[in-house]
Amino acid sequence: MKVTPDVLIPRPETEELVNWIISENKGKELRIMDIGTGSGCIALALAKNLPLAKVSAIDISEKALKIANMNAVRNNIEADFFRVDLLDPSSDLKGEYDIIVSNPPYVRDSEKRFMQYNVLHYEPHRALFVPDDNPLLFYKAIADSGNRSLMKNGCIYCEINETLSDETASVFQSRKYTLMALRKDINGKPRMLKAVKNHG
Ligand code: GLN
């Protein structure tokens, strides 16, 4: 994978999220949407390991989409990348999906002081930080988009802020999803969530 300062460097936690999705969905013909794809690492890992799946991915950043496309070509993996601003209420994910996956920005501005120099100086702040007064804005937008474009019984898998796991689960529950699981990462921190859309 190629990365530049326009995208996040893939993290081990995100690899765990991808492994979880692969283990639960082997051999299925699925349409998958990766929201905020950045380097494309989630979308491309899923497309490679779930060969029957059709993977699409969006990002707000044209520069990130360029990197993601480059990574698809370099690794000879097929995925469809296009630009969408998720926070635009009229945003359209262009289709229906069985799975939505996302590692959205979730680090609160006030948590910046705990972050390492290399993260603060070499990664895009737009991909990391959220305002303290509305830290779950991306999860709200993901849940709302899922209500428009997930199939019945479709799932959302997300990486989450370990200090906001219950609040993040509530975002999905209050939008009619069923919380299926909150999972811990290798460091024992609640880091991944799966929610299912049982309604039509
Ligand atoms: N876990 C990442 C970090 O601590 C943040 C990733 C994200 O905001 N989605 O650098």
# chains A, B, ... in the order shown; residues from 1 in each chain; ligands from 1
$ residues_near_ligand --ligand "ligand 1" --cutoff "8 Å" --atoms "only C-alpha atoms and all ligand atoms" --output "PyMOL selection string"
chain A and resi 8+11+13+103-107+115+119+127-129+159-161
$ write_last_selection --atoms "C-alpha atoms" --output "short mmCIF file (atom, residue, chain, number, x, y, z; two decimals), in the first residue's frame"
data_model
loop_
_atom_site.label_atom_id
_atom_site.label_comp_id
_atom_site.auth_asym_id
_atom_site.auth_seq_id
_atom_site.Cartn_x
_atom_site.Cartn_y
_atom_site.Cartn_z
CA LEU A 8 -4.02 7.76 7.35
CA ARG A 11 -3.43 0.71 11.92
CA GLU A 13 -6.90 -2.07 14.93
CA ASN A 103 -13.19 3.87 10.10
CA PRO A 104 -14.38 7.47 10.34
CA PRO A 105 -12.74 10.37 12.16
CA TYR A 106 -13.39 9.86 15.88
CA VAL A 107 -10.59 11.48 17.91
CA MET A 115 -1.43 11.91 20.16
CA VAL A 119 0.30 11.24 13.73
CA ALA A 127 -9.44 12.08 8.74
CA LEU A 128 -8.80 12.02 12.49
CA PHE A 129 -10.46 14.76 14.49
CA GLU A 159 -14.06 1.29 14.16
CA ILE A 160 -14.88 3.43 17.21
CA ASN A 161 -13.38 5.68 19.87
#
$ select_by_dssp --residues "chain A" --states "helix (DSSP H, G or I)" --output "PyMOL selection string"
chain A and resi 12-25+41-49+62-75+109-114+117-122+125-127+137-149+162-173
$ closest_residue --among "A:Asn118, A:Asn25, A:Asn69, A:Thr14" --to "A:Leu193" --atoms "only C-alpha atoms"
A:Thr14
$ closest_residue --among "A:Arg113, A:Lys197, A:Lys94, A:Arg191" --to "A:Thr178" --atoms "only C-alpha atoms"
A:Lys197
$ residues_around --residues "stretch 29-35 of chain A" --least-positions-apart "4" --cutoff "6 Å" --atoms "only C-alpha atoms" --output "list in words"
Ala43, Leu52, Ala53, Lys54, Val55, Ser56, Ala57, Ile58, Tyr97, Asp98, Ile99, Ile100, Val101 and Ser102 of chain A
$ atom_distance --atom1 "atom CA of A:Lys176" --atom2 "atom CA of A:Tyr157"
15.4 Å
$ select_by_dssp --residues "stretch 44-91 of chain A" --states "strand (DSSP E or B)" --output "NGL selection string"
:A and (54-59 or 80-83)
$ closest_residue --among "A:Leu50, A:Glu111, A:Lys2, A:Glu15" --to "A:Arg74" --atoms "only C-alpha atoms"
A:Lys2
$ closest_residue --among "A:Ala47, A:Ala68, A:Pro12, A:Asp109" --to "A:Lys28" --atoms "only C-alpha atoms"
A:Ala47
$ atom_distance --atom1 "atom CA of A:Gly36" --atom2 "atom CA of A:Ala64"
9.1 Å
$ residues_around --residues "A:Cys41" --least-positions-apart "2" --cutoff "8 Å" --atoms "only C-alpha atoms" --output "list in words"
Met1, Pro10, Thr37, Gly38, Ser39, Ala43, Leu44, Ala45 and Ala68 of chain A
$ residues_around --residues "A:Val84" --least-positions-apart "5" --cutoff "8 Å" --atoms "only C-alpha atoms" --output "list in words"
Ile58, Asp59, Ile60, Ser91, Asp92 and Leu93 of chain A
$ residues_around --residues "A:Gln173" --least-positions-apart "5" --cutoff "10 Å" --atoms "only C-alpha atoms" --output "list in words"
Ala143, Glu167, Thr168, Thr178, Leu179, Ala195, Val196 and Lys197 of chain A
$ write_last_selection --atoms "C-alpha atoms" --output "PDB file, in the first residue's frame"
ATOM      1  CA  ALA A 143     -26.378   5.301  10.391  1.00  0.00           C
ATOM      2  CA  GLU A 167     -22.584   6.449  23.154  1.00  0.00           C
ATOM      3  CA  THR A 168     -21.634   5.182  19.679  1.00  0.00           C
ATOM      4  CA  THR A 178     -29.812  -3.745  16.551  1.00  0.00           C
ATOM      5  CA  LEU A 179     -26.437  -3.741  18.250  1.00  0.00           C
ATOM      6  CA  ALA A 195     -25.000  -3.134  14.032  1.00  0.00           C
ATOM      7  CA  VAL A 196     -27.720  -4.733  11.926  1.00  0.00           C
ATOM      8  CA  LYS A 197     -30.575  -3.048  10.121  1.00  0.00           C
TER       9      LYS A 197
END
$ atom_distance --atom1 "atom CA of A:Leu86" --atom2 "atom CA of A:Tyr139"
10.2 Å
$ decode --residues "stretch 120-168 of chain A" --atoms "N, CA and C atoms" --output "mmCIF file, in the first residue's frame"
data_model
loop_
_atom_site.group_PDB
_atom_site.id
_atom_site.type_symbol
_atom_site.label_atom_id
_atom_site.label_comp_id
_atom_site.auth_asym_id
_atom_site.auth_seq_id
_atom_site.Cartn_x
_atom_site.Cartn_y
_atom_site.Cartn_z
ATOM 1 N N LEU A 120 0.236 13.555 14.435
ATOM 2 C CA LEU A 120 -0.186 14.958 14.348
ATOM 3 C C LEU A 120 0.425 15.685 13.165
ATOM 4 N N HIS A 121 1.627 15.288 12.792
ATOM 5 C CA HIS A 121 2.336 16.056 11.770
ATOM 6 C C HIS A 121 2.346 15.426 10.386
ATOM 7 N N TYR A 122 1.995 14.155 10.294
ATOM 8 C CA TYR A 122 2.105 13.499 8.983
ATOM 9 C C TYR A 122 0.819 12.852 8.506
ATOM 10 N N GLU A 123 -0.285 13.119 9.210
ATOM 11 C CA GLU A 123 -1.538 12.519 8.773
ATOM 12 C C GLU A 123 -2.602 13.616 8.676
ATOM 13 N N PRO A 124 -3.590 13.427 7.811
ATOM 14 C CA PRO A 124 -4.583 14.496 7.592
ATOM 15 C C PRO A 124 -5.521 14.657 8.786
ATOM 16 N N HIS A 125 -5.585 15.856 9.335
ATOM 17 C CA HIS A 125 -6.423 16.083 10.517
ATOM 18 C C HIS A 125 -7.900 15.852 10.210
ATOM 19 N N ARG A 126 -8.279 16.098 8.960
ATOM 20 C CA ARG A 126 -9.681 15.900 8.578
ATOM 21 C C ARG A 126 -10.109 14.430 8.724
ATOM 22 N N ALA A 127 -9.129 13.515 8.625
ATOM 23 C CA ALA A 127 -9.442 12.085 8.740
ATOM 24 C C ALA A 127 -9.442 11.602 10.188
ATOM 25 N N LEU A 128 -8.987 12.454 11.100
ATOM 26 C CA LEU A 128 -8.803 12.023 12.491
ATOM 27 C C LEU A 128 -9.758 12.673 13.471
ATOM 28 N N PHE A 129 -9.892 14.012 13.363
ATOM 29 C CA PHE A 129 -10.461 14.764 14.487
ATOM 30 C C PHE A 129 -11.918 15.166 14.300
ATOM 31 N N VAL A 130 -12.602 15.211 15.449
ATOM 32 C CA VAL A 130 -14.001 15.623 15.462
ATOM 33 C C VAL A 130 -14.180 16.623 16.599
ATOM 34 N N PRO A 131 -15.179 17.507 16.482
ATOM 35 C CA PRO A 131 -15.361 18.515 17.526
ATOM 36 C C PRO A 131 -15.822 17.880 18.841
ATOM 37 N N ASP A 132 -15.361 18.425 19.939
ATOM 38 C CA ASP A 132 -15.744 17.902 21.257
ATOM 39 C C ASP A 132 -17.259 17.953 21.491
ATOM 40 N N ASP A 133 -17.921 18.940 20.875
ATOM 41 C CA ASP A 133 -19.359 19.063 21.150
ATOM 42 C C ASP A 133 -20.227 18.195 20.234
ATOM 43 N N ASN A 134 -19.617 17.505 19.280
ATOM 44 C CA ASN A 134 -20.410 16.585 18.438
ATOM 45 C C ASN A 134 -19.491 15.472 17.906
ATOM 46 N N PRO A 135 -18.906 14.681 18.820
ATOM 47 C CA PRO A 135 -17.855 13.746 18.394
ATOM 48 C C PRO A 135 -18.357 12.566 17.568
ATOM 49 N N LEU A 136 -19.663 12.346 17.583
ATOM 50 C CA LEU A 136 -20.178 11.159 16.872
ATOM 51 C C LEU A 136 -20.851 11.533 15.557
ATOM 52 N N LEU A 137 -20.525 12.722 15.039
ATOM 53 C CA LEU A 137 -21.245 13.197 13.846
ATOM 54 C C LEU A 137 -21.113 12.243 12.667
ATOM 55 N N PHE A 138 -19.962 11.606 12.529
ATOM 56 C CA PHE A 138 -19.817 10.689 11.387
ATOM 57 C C PHE A 138 -20.636 9.417 11.578
ATOM 58 N N TYR A 139 -20.731 8.933 12.825
ATOM 59 C CA TYR A 139 -21.540 7.726 13.056
ATOM 60 C C TYR A 139 -23.023 8.014 12.805
ATOM 61 N N LYS A 140 -23.448 9.225 13.169
ATOM 62 C CA LYS A 140 -24.849 9.598 12.903
ATOM 63 C C LYS A 140 -25.098 9.592 11.398
ATOM 64 N N ALA A 141 -24.145 10.166 10.652
ATOM 65 C CA ALA A 141 -24.312 10.233 9.194
ATOM 66 C C ALA A 141 -24.221 8.835 8.567
ATOM 67 N N ILE A 142 -23.377 7.972 9.127
ATOM 68 C CA ILE A 142 -23.262 6.594 8.612
ATOM 69 C C ILE A 142 -24.573 5.844 8.860
ATOM 70 N N ALA A 143 -25.117 5.981 10.073
ATOM 71 C CA ALA A 143 -26.378 5.301 10.391
ATOM 72 C C ALA A 143 -27.502 5.826 9.496
ATOM 73 N N ASP A 144 -27.544 7.138 9.281
ATOM 74 C CA ASP A 144 -28.592 7.700 8.416
ATOM 75 C C ASP A 144 -28.421 7.219 6.974
ATOM 76 N N SER A 145 -27.185 7.192 6.483
ATOM 77 C CA SER A 145 -26.947 6.687 5.113
ATOM 78 C C SER A 145 -27.330 5.225 5.017
ATOM 79 N N GLY A 146 -27.023 4.461 6.062
ATOM 80 C CA GLY A 146 -27.387 3.043 6.071
ATOM 81 C C GLY A 146 -28.898 2.880 6.001
ATOM 82 N N ASN A 147 -29.616 3.755 6.672
ATOM 83 C CA ASN A 147 -31.081 3.665 6.620
ATOM 84 C C ASN A 147 -31.588 3.916 5.209
ATOM 85 N N ARG A 148 -30.822 4.687 4.420
ATOM 86 C CA ARG A 148 -31.233 4.921 3.029
ATOM 87 C C ARG A 148 -30.713 3.831 2.096
ATOM 88 N N SER A 149 -29.523 3.281 2.374
ATOM 89 C CA SER A 149 -28.917 2.446 1.325
ATOM 90 C C SER A 149 -28.434 1.056 1.755
ATOM 91 N N LEU A 150 -28.814 0.626 2.960
ATOM 92 C CA LEU A 150 -28.504 -0.773 3.319
ATOM 93 C C LEU A 150 -29.728 -1.633 3.037
ATOM 94 N N MET A 151 -29.492 -2.866 2.602
ATOM 95 C CA MET A 151 -30.572 -3.836 2.448
ATOM 96 C C MET A 151 -31.124 -4.193 3.837
ATOM 97 N N LYS A 152 -32.337 -4.747 3.861
ATOM 98 C CA LYS A 152 -32.858 -5.288 5.126
ATOM 99 C C LYS A 152 -31.903 -6.396 5.577
ATOM 100 N N ASN A 153 -31.608 -6.432 6.850
ATOM 101 C CA ASN A 153 -30.620 -7.356 7.438
ATOM 102 C C ASN A 153 -29.173 -7.042 7.054
ATOM 103 N N GLY A 154 -28.964 -5.898 6.424
ATOM 104 C CA GLY A 154 -27.597 -5.455 6.140
ATOM 105 C C GLY A 154 -26.897 -5.037 7.436
ATOM 106 N N CYS A 155 -25.573 -5.049 7.391
ATOM 107 C CA CYS A 155 -24.793 -4.753 8.609
ATOM 108 C C CYS A 155 -23.890 -3.546 8.427
ATOM 109 N N ILE A 156 -23.624 -2.909 9.539
ATOM 110 C CA ILE A 156 -22.601 -1.862 9.589
ATOM 111 C C ILE A 156 -21.500 -2.336 10.535
ATOM 112 N N TYR A 157 -20.274 -2.273 10.080
ATOM 113 C CA TYR A 157 -19.116 -2.553 10.930
ATOM 114 C C TYR A 157 -18.295 -1.261 11.006
ATOM 115 N N CYS A 158 -17.976 -0.813 12.219
ATOM 116 C CA CYS A 158 -17.223 0.445 12.354
ATOM 117 C C CYS A 158 -16.095 0.308 13.350
ATOM 118 N N GLU A 159 -15.054 1.080 13.103
ATOM 119 C CA GLU A 159 -14.063 1.290 14.158
ATOM 120 C C GLU A 159 -14.567 2.461 15.001
ATOM 121 N N ILE A 160 -14.322 2.402 16.321
ATOM 122 C CA ILE A 160 -14.884 3.430 17.208
ATOM 123 C C ILE A 160 -13.844 3.958 18.211
ATOM 124 N N ASN A 161 -14.189 5.087 18.804
ATOM 125 C CA ASN A 161 -13.375 5.678 19.870
ATOM 126 C C ASN A 161 -13.615 4.871 21.148
ATOM 127 N N GLU A 162 -12.541 4.356 21.736
ATOM 128 C CA GLU A 162 -12.705 3.433 22.874
ATOM 129 C C GLU A 162 -13.372 4.097 24.078
ATOM 130 N N THR A 163 -13.305 5.428 24.154
ATOM 131 C CA THR A 163 -13.912 6.097 25.307
ATOM 132 C C THR A 163 -15.392 6.436 25.070
ATOM 133 N N LEU A 164 -15.883 6.144 23.856
ATOM 134 C CA LEU A 164 -17.269 6.513 23.533
ATOM 135 C C LEU A 164 -18.066 5.316 23.024
ATOM 136 N N SER A 165 -17.726 4.107 23.507
ATOM 137 C CA SER A 165 -18.354 2.924 22.900
ATOM 138 C C SER A 165 -19.863 2.874 23.151
ATOM 139 N N ASP A 166 -20.294 3.160 24.379
ATOM 140 C CA ASP A 166 -21.737 3.083 24.658
ATOM 141 C C ASP A 166 -22.507 4.155 23.893
ATOM 142 N N GLU A 167 -21.917 5.349 23.865
ATOM 143 C CA GLU A 167 -22.584 6.449 23.154
ATOM 144 C C GLU A 167 -22.675 6.137 21.656
ATOM 145 N N THR A 168 -21.619 5.506 21.113
ATOM 146 C CA THR A 168 -21.634 5.182 19.679
ATOM 147 C C THR A 168 -22.683 4.109 19.410
#
